[in-house]
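Visitor: File target_13.txt below, compact mmCIF, C-alpha atoms:
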# COMPACT_ATOMS: atom_id res chain seq x y z
CA MET K 1 -17.22 106.25 -95.34
CA ASP K 2 -14.21 104.04 -94.61
CA ALA K 3 -13.37 102.59 -91.19
CA ARG K 4 -10.43 104.93 -90.58
CA THR K 5 -12.56 108.02 -91.17
CA ARG K 6 -15.27 106.60 -88.91
CA ALA K 7 -12.65 105.92 -86.21
CA THR K 8 -11.60 109.59 -86.12
CA ARG K 9 -14.94 110.48 -84.51
CA ILE K 10 -14.98 107.86 -81.74
CA LYS K 11 -15.19 108.89 -78.06
CA LEU K 12 -16.89 105.80 -76.57
CA VAL K 13 -15.94 102.20 -77.29
CA ALA K 14 -18.29 99.46 -76.08
CA PHE K 15 -17.55 95.74 -76.14
CA ASP K 16 -19.40 92.48 -75.94
CA ILE K 17 -17.63 89.89 -73.77
CA ASP K 18 -18.04 86.29 -74.97
CA GLY K 19 -16.38 85.91 -78.36
CA VAL K 20 -14.87 89.42 -78.20
CA MET K 21 -12.95 89.84 -74.95
CA THR K 22 -12.86 86.05 -74.60
CA ASP K 23 -12.69 83.23 -77.13
CA GLY K 24 -16.36 82.51 -76.51
CA GLY K 25 -15.78 79.33 -74.52
CA LEU K 26 -17.70 78.84 -71.30
CA HIS K 27 -15.90 76.88 -68.59
CA TYR K 28 -17.74 75.70 -65.50
CA THR K 29 -16.34 74.36 -62.24
CA ASP K 30 -17.91 71.39 -60.43
CA ASP K 31 -19.70 73.76 -58.06
CA GLY K 32 -21.26 75.70 -60.97
CA GLY K 33 -18.75 78.56 -60.97
CA GLU K 34 -17.80 80.10 -64.27
CA LEU K 35 -14.31 80.66 -65.65
CA LYS K 36 -13.34 82.94 -68.53
CA THR K 37 -9.95 83.65 -70.03
CA PHE K 38 -9.13 87.24 -70.92
CA ASN K 39 -6.17 88.42 -72.99
CA VAL K 40 -3.68 90.51 -71.01
CA GLN K 41 -2.66 92.48 -74.12
CA ASP K 42 -6.31 93.43 -74.65
CA GLY K 43 -6.31 94.63 -71.04
CA LEU K 44 -3.35 96.91 -71.56
CA GLY K 45 -5.01 98.23 -74.71
CA LEU K 46 -8.10 99.11 -72.71
CA LYS K 47 -5.93 101.00 -70.22
CA LEU K 48 -4.29 102.87 -73.13
CA MET K 49 -7.75 103.91 -74.35
CA GLN K 50 -8.72 105.19 -70.93
CA ARG K 51 -5.49 107.17 -70.59
CA ALA K 52 -6.15 108.69 -74.02
CA GLY K 53 -9.50 109.98 -72.75
CA PHE K 54 -11.94 107.48 -74.25
CA ALA K 55 -14.98 106.21 -72.38
CA LEU K 56 -15.26 102.41 -72.30
CA ALA K 57 -18.24 100.15 -71.75
CA ILE K 58 -19.04 96.47 -71.51
CA VAL K 59 -22.44 95.42 -72.80
CA THR K 60 -23.12 91.70 -72.55
CA GLY K 61 -26.14 89.46 -72.68
CA ARG K 62 -24.93 87.18 -69.90
CA ASN K 63 -24.41 87.83 -66.18
CA SER K 64 -21.07 86.87 -64.72
CA GLY K 65 -19.13 87.71 -61.60
CA VAL K 66 -16.00 87.09 -63.62
CA VAL K 67 -16.94 89.94 -65.97
CA ALA K 68 -17.59 92.26 -63.05
CA ALA K 69 -14.19 91.36 -61.59
CA ARG K 70 -12.39 91.95 -64.91
CA ALA K 71 -14.16 95.28 -65.41
CA ALA K 72 -13.22 96.37 -61.88
CA ASP K 73 -9.61 95.27 -62.44
CA LEU K 74 -9.45 97.43 -65.56
CA GLY K 75 -11.38 100.37 -64.09
CA ILE K 76 -14.18 100.12 -66.65
CA GLU K 77 -17.01 102.09 -65.12
CA HIS K 78 -19.84 101.41 -67.58
CA VAL K 79 -20.72 97.71 -67.22
CA PHE K 80 -24.07 96.34 -68.35
CA GLN K 81 -24.76 92.62 -67.91
CA GLY K 82 -27.83 90.54 -68.66
CA VAL K 83 -28.73 92.92 -71.50
CA GLY K 84 -31.37 91.78 -73.98
CA ASP K 85 -31.48 94.99 -76.01
CA LYS K 86 -27.92 96.22 -76.48
CA LYS K 87 -29.00 99.05 -78.78
CA ALA K 88 -31.28 100.54 -76.12
CA THR K 89 -28.61 100.16 -73.44
CA VAL K 90 -25.96 101.90 -75.55
CA ALA K 91 -28.47 104.60 -76.56
CA ALA K 92 -29.13 105.36 -72.89
CA LEU K 93 -25.40 105.49 -72.17
CA LEU K 94 -24.78 107.83 -75.10
CA ASP K 95 -27.55 110.10 -73.85
CA ARG K 96 -26.09 110.11 -70.34
CA LEU K 97 -22.60 110.93 -71.70
CA GLY K 98 -23.89 113.54 -74.15
CA LEU K 99 -22.51 111.67 -77.16
CA SER K 100 -23.93 110.79 -80.56
CA TRP K 101 -24.07 107.42 -82.28
CA GLU K 102 -21.33 108.57 -84.67
CA GLU K 103 -19.01 108.94 -81.66
CA CYS K 104 -19.59 105.34 -80.57
CA ALA K 105 -17.78 102.18 -81.62
CA PHE K 106 -19.14 98.75 -80.73
CA MET K 107 -17.33 95.43 -81.04
CA GLY K 108 -19.50 92.33 -81.29
CA ASP K 109 -19.46 88.86 -82.73
CA ASP K 110 -22.98 87.40 -82.83
CA LEU K 111 -26.61 88.10 -83.69
CA ILE K 112 -27.43 89.89 -80.43
CA ASP K 113 -24.86 92.55 -81.38
CA LEU K 114 -26.26 93.42 -84.80
CA THR K 115 -28.79 96.10 -83.82
CA VAL K 116 -26.24 98.18 -81.93
CA MET K 117 -23.53 97.59 -84.54
CA GLY K 118 -25.92 98.74 -87.26
CA ARG K 119 -26.47 102.05 -85.47
CA CYS K 120 -23.02 102.99 -84.16
CA GLY K 121 -20.41 105.05 -85.96
CA LEU K 122 -17.85 102.24 -86.07
CA ALA K 123 -18.92 98.59 -85.98
CA ILE K 124 -16.08 96.19 -85.26
CA ALA K 125 -16.03 92.39 -85.45
CA PRO K 126 -13.28 89.97 -84.45
CA ALA K 127 -12.08 87.34 -86.91
CA ASN K 128 -14.17 84.65 -85.19
CA ALA K 129 -17.46 86.55 -85.54
CA ARG K 130 -20.41 84.97 -87.33
CA THR K 131 -20.45 85.68 -91.05
CA ILE K 132 -23.52 87.93 -90.87
CA VAL K 133 -21.80 90.06 -88.22
CA LYS K 134 -18.61 90.33 -90.29
CA GLU K 135 -20.71 91.54 -93.21
CA CYS K 136 -22.17 94.34 -91.06
CA ALA K 137 -18.82 95.44 -89.60
CA HIS K 138 -16.89 98.48 -90.78
CA LEU K 139 -13.71 96.97 -89.33
CA LEU K 140 -12.81 93.27 -89.14
CA THR K 141 -9.82 92.34 -87.01
CA GLU K 142 -7.29 89.72 -88.03
CA ALA K 143 -7.21 88.38 -84.47
CA GLY K 144 -10.03 86.42 -82.92
CA GLY K 145 -11.91 87.24 -79.74
CA GLY K 146 -9.82 86.63 -76.64
CA ARG K 147 -6.73 86.49 -78.84
CA GLY K 148 -5.87 90.16 -79.25
CA ALA K 149 -8.84 91.39 -81.30
CA VAL K 150 -9.70 94.06 -78.76
CA ARG K 151 -6.13 95.37 -78.73
CA GLU K 152 -6.06 95.41 -82.53
CA ALA K 153 -9.26 97.46 -82.66
CA ILE K 154 -8.00 99.83 -79.98
CA GLU K 155 -4.73 100.46 -81.79
CA PHE K 156 -6.67 101.09 -85.01
CA ILE K 157 -8.80 103.77 -83.33
CA LEU K 158 -5.82 105.36 -81.57
CA ALA K 159 -3.87 105.45 -84.85
CA ALA K 160 -6.82 106.97 -86.73
CA GLN K 161 -6.91 109.78 -84.16
CA ASP K 162 -3.12 110.23 -84.17
CA LYS K 163 -2.96 109.16 -80.50
CA LEU K 164 -1.09 105.86 -80.87
CA ALA K 165 2.44 107.28 -80.57
CA ALA K 166 1.51 109.21 -77.42
CA ALA K 167 -0.11 106.09 -75.94
CA PHE K 168 3.05 104.06 -76.61
CA ALA K 169 5.52 106.79 -75.58
CA PRO K 170 5.74 105.98 -71.85
CA TYR K 171 6.72 102.43 -72.72
CA LEU K 172 9.37 103.45 -75.25
CA GLU K 173 11.33 105.87 -73.08
CA THR K 174 14.97 104.96 -72.66
CA GLN K 175 17.02 105.53 -69.54
I'd like the structure from this file rewritten - as structure tokens, please.
Guide:
Amino acid sequence: MDARTRATRIKLVAFDIDGVMTDGGLHYTDDGGELKTFNVQDGLGLKLMQRAGFALAIVTGRNSGVVAARAADLGIEHVFQGVGDKKATVAALLDRLGLSWEECAFMGDDLIDLTVMGRCGLAIAPANARTIVKECAHLLTEAGGGRGAVREAIEFILAAQDKLAAAFAPYLETQ
């Protein structure tokens, strides 16, 4: 089954953080604080998905106050940090939401993401993903993590479900 057909079934989209929503760099302050850079266009894409009725989740292996703040800023309700078994975490979320694996997309970039990507209906990898992850993905973005890959994946899913024009419409209205 091709990526577009897979995308027509999606109701939940879950994302890794480092290397997907960010470029994967870790920046520390002198006092041990952590800094991450998120792409504002990805953020608007996430809001478009929410407005279109999709559930969103963050599933990351690291713990970060910065991630919690970004998720709160975007209104992402399903946030799982410090996760060792992403497949089990997503499975529990799917069960709670009453969804199937075929209705779930996951975007990841490294080894820890492979088990969940191998199970979900639409596996997505950004251009900067490890080669083994790219080989397992149904959809590979042209953009890298933290550089618009999330937005690209979102627009792909919205287009596959014929929801992209409606998502863009409020921004295209003329006076």
Visitor: For K:Ala165, which residue out of K:Val20, K:Ala149, K:Leu48, K:Leu35 is the nearest one, using all atoms listed in the file?
Guide: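 Using all atoms listed in the file, K:Ala165 sits closest to K:Leu48.
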Visitor: Point out the residue among K:Gly33, K:Pro126, K:Gly146, K:Gly43 with the least atom-to-atom distance to K:Gly65, counting all atoms listed in the file.
Guide: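 For K:Gly65, the nearest of the candidates is K:Gly33.
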Visitor: Tell me, as a list in words, which residues lie within 8 Å of K:Val13, counting all atoms listed in the file; anything in the same chain fewer than 6 positions away does not count.
Guide: Phe54, Ala55, Leu56, Ala57, Cys104, Ala105, Phe106 and Met107 of chain K
Visitor: So how far away is atom CA of K:Ile58 from atom CA of K:Ile17, in Å?
Guide: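 Distance reported for this atom pair: 7.1 Å.
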Visitor: With all atoms listed in the file as the basis for distance, which of K:Leu46, K:Met21, K:Ala71, K:Ala91 is at the shortest distance from K:Asp109?
Guide: K:Met21
Visitor: Taking only C-alpha atoms into account, name the residue in K:Gln41, K:Ser64, K:Thr89, K:Gln81 that is nearest to K:Val150.
Guide: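 Going through K:Gln41, K:Ser64, K:Thr89, K:Gln81 one by one, the smallest distance to K:Val150 is for K:Gln41.
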Visitor: At what distance in Å, to one decimal, does atom CA of K:Ala14 lie from atom CA of K:Lys47?
Guide: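 It comes out at 13.8 Å.
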Visitor: Using all atoms listed in the file, which protein or nucleic acid residues come within 6 Å of K:Asp42? Drop anything in the same chain fewer than 2 positions from it, and give the result as a CSV table (one decimal) with C-alpha atoms, in the coordinates of the input.
Guide:
chain,number,residue,atom,x,y,z
K,39,ASN,CA,-6.2,88.4,-73.0
K,40,VAL,CA,-3.7,90.5,-71.0
K,44,LEU,CA,-3.4,96.9,-71.6
K,45,GLY,CA,-5.0,98.2,-74.7
K,148,GLY,CA,-5.9,90.2,-79.2
K,150,VAL,CA,-9.7,94.1,-78.8
K,151,ARG,CA,-6.1,95.4,-78.7
Visitor: Report the distance between atom CA of K:Ala125 and atom CA of K:Pro170 in Å, rounded to one decimal place.
Guide: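 For atom CA of K:Ala125 relative to atom CA of K:Pro170, the distance reads 29.0 Å.
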Visitor: Which polymer residues, protein or nucleic acid, are no farther than 6 Å from (-26.0, 98.2, -79.4), counting only C-alpha atoms, as a PyMOL selection string?
Guide: chain K and resi 86-87+90+115-117
Visitor: Would you kindly return, as a count of residues only, each protein, DNA or RNA residue with an atom no farther than 9 Å from any atom of K:Thr60, considering all atoms listed in the file and excluding same-chain residues fewer than 5 positions away?
Guide: 11
Visitor: Which residues come within 9 Å of K:Asp110, counting all atoms listed in the file, excluding same-chain residues fewer than 2 positions away, as a ChimeraX atom specification?
Guide: /K:19,108,112-114,125,129-133
Visitor: Taking into account only C-alpha atoms, which residue in the set K:Gly144, K:Ala127, K:Leu122, K:Leu158 is nearest to K:Arg6?
Guide: K:Leu122
